[in-house]
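Inspection log for the structure reproduced underneath, given as structure tokens.
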Amino acid sequence: MKFSKMHGIGNDYVYVNCFQEQVDNPEQLSIAVSDRRKGIGSDGLILILPSDKADCRMRMFNADGSEGMMCGNGIRCVGKYVYDNGIVTSPKLSVETKSGIKYITLQIENHKAVGATVDMGKAILKPSDIPMLAEGENFIAKPLTVNQKQYTITAVSMGNPHCVVFLDEDVNQLDLEKIGPAFEHHEAFPEQVNTEFVNIMNSHTVKMRVWERGSGETMACGTGACAVAVASVLNGYCKHDEPITVQLLGGNLEIIYHTNGTVMMTGSATHIFDGTWSE
């Protein structure tokens, strides 16, 4: 099986061109290729497939084999792959995902895509749609007890469920290996949850670390950065319609949360190497 390894600000995946390759058991393959000692090493597996609704379709699998609804850093790399390899010829394209069709505008340099702006659609705030077991139309700046400690959280879905936690203490000092799984498997989130721990730097800049369901701590999370930007506006730290720089371990993303609810994400897409995999 031929593959490419690519990353969006450190969030790395193994990409397989399923226009040419057939993958029969992506859940098990994702576990195998993701292993950083015995496999290729990645945060998961992304399949690029034909679509009858868009220019292409993507399926994303976490390092534990579970399938995700959407991947913000991954979709930029999908856009780069199909453009650089001639599957699409326009820098404006559409990608079918499990959370709907997303629209991408690629940044082109020397005939190659180097980054992209993605229309991530509208942020979902209703708990039952996130999903979260809570009453009401939203869960903004409300208490959640985790490991007998009360946190103030904001719940957002950007295709994936997210729990955003604003902290005064430096997020770089957190023991995410300890508290991350407690959030991920909290009973309030029936499909588990990605959790972002955030420091507000100023009205246009935030810093975050992320614990992703099924993968643990990663260098970056595109949908997580979008959820953080949305939560930052809803909590009054930032403003609608203005760029917000989200600082992650792997680099920065620029997010705009528009007044109409739509979220735009801009960031890099980088090819690392190509290879072949055999079991």
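Residue numbering restarts at 1 for every chain of the structure tokens, chains are lettered A, B, ... in their displayed order, and ligands are numbered from 1 as they appear.
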
Requested in this report: Quick one: pick out all alpha helix (DSSP H) residues within segment 51-246 of chain A from a backbone DSSP run and write them as number ranges by chain.
Outcome: A: 72-84, 176-184, 222-234

Report task. Just the residues within 9 Å of Ala229 of chain A, please, counting only C-alpha atoms, with nothing from its chain fewer than 3 positions along; format it as JSON, numbers by chain. Result -> {"A": [206, 224, 225, 226, 232, 233, 234, 238, 244, 245, 246, 255, 256, 257, 263]}

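Checking A:Val171, A:Met6, A:Leu29, A:Leu125 one by one against Gly79 of chain A, counting only C-alpha atoms, you find the shortest gap at A:Met6.
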
Query - strand (DSSP E) residues, from DSSP on the backbone, in segment 10-246 of chain A, as a PyMOL selection string - result: chain A and resi 11-17+44-49+56-62+67-68+92-97+100-109+112-122+142-146+149-157+161-166+194-202+205-212+216-218+244-246

Report task. Show which residues sit within 6 Å of segment 272-274 of chain A, as number ranges by chain. Count only C-alpha atoms, and ignore same-chain residues fewer than 5 positions away. Result -> A: 3-6

Report summary line: atom CA of Met265 of chain A sits from atom CA of Asn172 of chain A at a separation of 23.7 Å

Query raised in the report: What lies within 7 Å of Ile124 of chain A using only C-alpha atoms, ignoring chain neighbours under 5 positions off, as a PyMOL selection string?
Result: chain A and resi 129-130+156-158

Requested in this report: Write out as an MDAnalysis selection string which residues come within 10 Å of Glu191 of chain A when counting only C-alpha atoms, dropping same-chain ones fewer than 3 positions away.
Outcome: chainID A and resid 130:132 160:161 184:188 213

Query raised in the report: Could you name the residues that touch Leu249 of chain A at 12 Å or less, counting only C-alpha atoms, but leaving out those on the same chain fewer than 6 positions away, as an NGL selection string?
Result: :A and (8-11 or 171-172 or 207-211 or 217-221 or 225)

Save the residues we just selected, all heavy atoms, as a compact mmCIF listing (two decimals), in the first residue's frame?
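What landed in result_14.txt:
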```txt
# COMPACT_ATOMS: atom_id res chain seq x y z
N GLY A 8 -0.39 19.05 9.56
CA GLY A 8 -0.85 20.43 9.68
C GLY A 8 -0.42 20.92 11.05
O GLY A 8 -0.93 20.46 12.06
N ILE A 9 0.56 21.79 11.09
CA ILE A 9 1.21 22.31 12.31
C ILE A 9 1.44 21.22 13.36
O ILE A 9 1.14 21.35 14.53
CB ILE A 9 0.46 23.53 12.91
CG1 ILE A 9 -0.97 23.22 13.30
CG2 ILE A 9 0.51 24.71 11.97
CD1 ILE A 9 -1.62 24.33 14.12
N GLY A 10 2.03 20.11 12.90
CA GLY A 10 2.44 19.04 13.81
C GLY A 10 1.42 17.96 14.02
O GLY A 10 1.73 16.90 14.60
N ASN A 11 0.18 18.16 13.59
CA ASN A 11 -0.88 17.15 13.70
C ASN A 11 -0.72 16.22 12.49
O ASN A 11 -1.18 16.52 11.40
CB ASN A 11 -2.23 17.86 13.68
CG ASN A 11 -3.38 17.01 14.17
OD1 ASN A 11 -4.52 17.40 13.99
ND2 ASN A 11 -3.13 15.87 14.79
N VAL A 171 -1.09 26.76 30.90
CA VAL A 171 -1.48 25.45 30.38
C VAL A 171 -0.28 24.55 30.14
O VAL A 171 -0.41 23.32 30.13
CB VAL A 171 -2.31 25.59 29.08
CG1 VAL A 171 -3.63 26.27 29.36
CG2 VAL A 171 -1.53 26.33 27.99
N ASN A 172 0.90 25.14 29.96
CA ASN A 172 2.11 24.33 29.75
C ASN A 172 2.51 23.55 30.99
O ASN A 172 3.29 22.60 30.92
CB ASN A 172 3.27 25.21 29.31
CG ASN A 172 3.08 25.77 27.90
OD1 ASN A 172 2.36 25.18 27.09
ND2 ASN A 172 3.68 26.91 27.62
N LYS A 207 -3.74 30.75 23.77
CA LYS A 207 -2.83 29.61 23.76
C LYS A 207 -3.57 28.40 24.29
O LYS A 207 -4.32 28.49 25.27
CB LYS A 207 -1.61 29.91 24.64
CG LYS A 207 -0.60 28.77 24.73
CD LYS A 207 0.68 29.19 25.43
CE LYS A 207 0.47 29.47 26.90
NZ LYS A 207 1.75 29.73 27.62
N MET A 208 -3.37 27.24 23.65
CA MET A 208 -4.11 26.06 24.07
C MET A 208 -3.27 24.79 23.99
O MET A 208 -2.31 24.70 23.22
CB MET A 208 -5.37 25.87 23.22
CG MET A 208 -5.09 25.58 21.75
SD MET A 208 -6.57 25.09 20.80
CE MET A 208 -6.45 23.30 20.88
N ARG A 209 -3.65 23.82 24.81
CA ARG A 209 -3.21 22.44 24.65
C ARG A 209 -4.47 21.59 24.52
O ARG A 209 -5.53 21.97 25.04
CB ARG A 209 -2.38 21.97 25.85
CG ARG A 209 -0.98 22.57 25.89
CD ARG A 209 -0.27 22.21 27.17
NE ARG A 209 0.01 20.78 27.26
CZ ARG A 209 0.48 20.18 28.38
NH1 ARG A 209 0.65 20.90 29.47
NH2 ARG A 209 0.73 18.89 28.38
N VAL A 210 -4.35 20.48 23.83
CA VAL A 210 -5.55 19.69 23.54
C VAL A 210 -5.32 18.22 23.88
O VAL A 210 -4.26 17.66 23.62
CB VAL A 210 -5.97 19.84 22.07
CG1 VAL A 210 -4.85 19.42 21.11
CG2 VAL A 210 -7.23 19.05 21.77
N TRP A 211 -6.36 17.63 24.47
CA TRP A 211 -6.42 16.18 24.68
C TRP A 211 -7.54 15.67 23.78
O TRP A 211 -8.70 15.98 23.98
CB TRP A 211 -6.70 15.86 26.14
CG TRP A 211 -6.72 14.38 26.40
CD1 TRP A 211 -7.79 13.54 26.32
CD2 TRP A 211 -5.60 13.55 26.77
NE1 TRP A 211 -7.42 12.24 26.61
CE2 TRP A 211 -6.08 12.22 26.90
CE3 TRP A 211 -4.25 13.81 27.02
CZ2 TRP A 211 -5.25 11.16 27.26
CZ3 TRP A 211 -3.43 12.75 27.37
CH2 TRP A 211 -3.92 11.44 27.49
N GLU A 217 -2.91 13.53 23.93
CA GLU A 217 -2.44 14.88 23.59
C GLU A 217 -1.81 14.87 22.21
O GLU A 217 -1.01 13.99 21.87
CB GLU A 217 -1.43 15.40 24.61
CG GLU A 217 -1.00 16.83 24.28
CD GLU A 217 -0.14 17.50 25.33
OE1 GLU A 217 0.42 16.79 26.19
OE2 GLU A 217 -0.04 18.75 25.30
N THR A 218 -2.18 15.85 21.40
CA THR A 218 -1.60 16.01 20.07
C THR A 218 -0.98 17.40 19.96
O THR A 218 -1.25 18.29 20.76
CB THR A 218 -2.67 15.82 18.97
OG1 THR A 218 -3.72 16.78 19.15
CG2 THR A 218 -3.25 14.42 19.01
N MET A 219 -0.16 17.56 18.92
CA MET A 219 0.52 18.84 18.71
C MET A 219 -0.45 19.94 18.30
O MET A 219 -0.20 21.12 18.52
CB MET A 219 1.60 18.69 17.64
CG MET A 219 2.74 17.76 18.03
SD MET A 219 3.74 18.42 19.37
CE MET A 219 4.62 19.73 18.51
N ALA A 220 -1.57 19.54 17.70
CA ALA A 220 -2.53 20.52 17.23
C ALA A 220 -3.86 19.85 16.96
O ALA A 220 -3.91 18.64 16.74
CB ALA A 220 -2.02 21.21 15.96
N CYS A 221 -4.92 20.64 16.95
CA CYS A 221 -6.26 20.14 16.62
C CYS A 221 -7.01 21.28 15.96
O CYS A 221 -7.28 22.31 16.60
CB CYS A 221 -6.99 19.66 17.88
SG CYS A 221 -8.69 19.13 17.59
N ALA A 225 -9.12 24.17 17.75
CA ALA A 225 -8.78 25.59 17.67
C ALA A 225 -10.01 26.42 17.31
O ALA A 225 -10.22 27.51 17.83
CB ALA A 225 -7.67 25.81 16.65
```

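What separates atom CA of Leu167 of chain A from atom CA of Lys142 of chain A is a distance of 13.7 Å.
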
Query - Neighbour list for Gly74 of chain A as a PyMOL selection string, cut-off 8 Å, only C-alpha atoms, skip fewer than 3 positions in-chain - result: chain A and resi 7-8+11-13+46+71+77-78

Create the file for the chosen residues now, containing C-alpha atoms and written as an mmCIF file, in the first residue's frame.
```cif
data_model
loop_
_atom_site.group_PDB
_atom_site.id
_atom_site.type_symbol
_atom_site.label_atom_id
_atom_site.label_comp_id
_atom_site.auth_asym_id
_atom_site.auth_seq_id
_atom_site.Cartn_x
_atom_site.Cartn_y
_atom_site.Cartn_z
ATOM 1 C CA HIS A 7 1.032 17.262 8.857
ATOM 2 C CA GLY A 8 -0.847 20.426 9.684
ATOM 3 C CA ASN A 11 -0.876 17.153 13.699
ATOM 4 C CA ASP A 12 0.406 14.263 11.562
ATOM 5 C CA TYR A 13 -1.537 11.564 9.725
ATOM 6 C CA ILE A 46 -6.906 9.512 6.709
ATOM 7 C CA CYS A 71 -10.318 16.771 11.257
ATOM 8 C CA CYS A 77 -3.692 18.253 3.925
ATOM 9 C CA VAL A 78 -6.383 16.413 1.959
#
```

Query raised in the report: A:Glu254, A:Glu242, A:Glu279, A:Glu96: which is nearest Leu49 of chain A, counting only C-alpha atoms?
Result: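 Once distances to Leu49 of chain A are computed over only C-alpha atoms, the minimum belongs to A:Glu96.
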
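If you look at atom CA of Trp277 of chain A and atom CA of Ala63 of chain A, they are 16.5 Å away from each other.
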
Query raised in the report: A:Ser99, A:Ser128, A:Asn147, A:Thr152: which is nearest Arg57 of chain A, counting only C-alpha atoms?
Result: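 Of A:Ser99, A:Ser128, A:Asn147, A:Thr152, the one nearest Arg57 of chain A, counting only C-alpha atoms, is A:Ser99.
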
Query - Nearest residue to Glu169 of chain A from the set A:Phe197, A:Pro143, A:Pro190, A:Val14 (distances using only C-alpha atoms) - result: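 With only C-alpha atoms as the atom set, the closest residue is A:Phe197.
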
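Residue nearest Thr270 of chain A within the list A:Ser51, A:Asn73, A:Asn235, A:Gln192: A:Asn73 [criterion: smallest interatomic distance, only C-alpha atoms].
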
**Report entry** Using only C-alpha atoms: which of A:Val146, A:Ile31, A:Val114, A:Ala155 has the shortest distance to Pro127 of chain A
**Finding:**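 Using only C-alpha atoms, Pro127 of chain A sits closest to A:Ala155.
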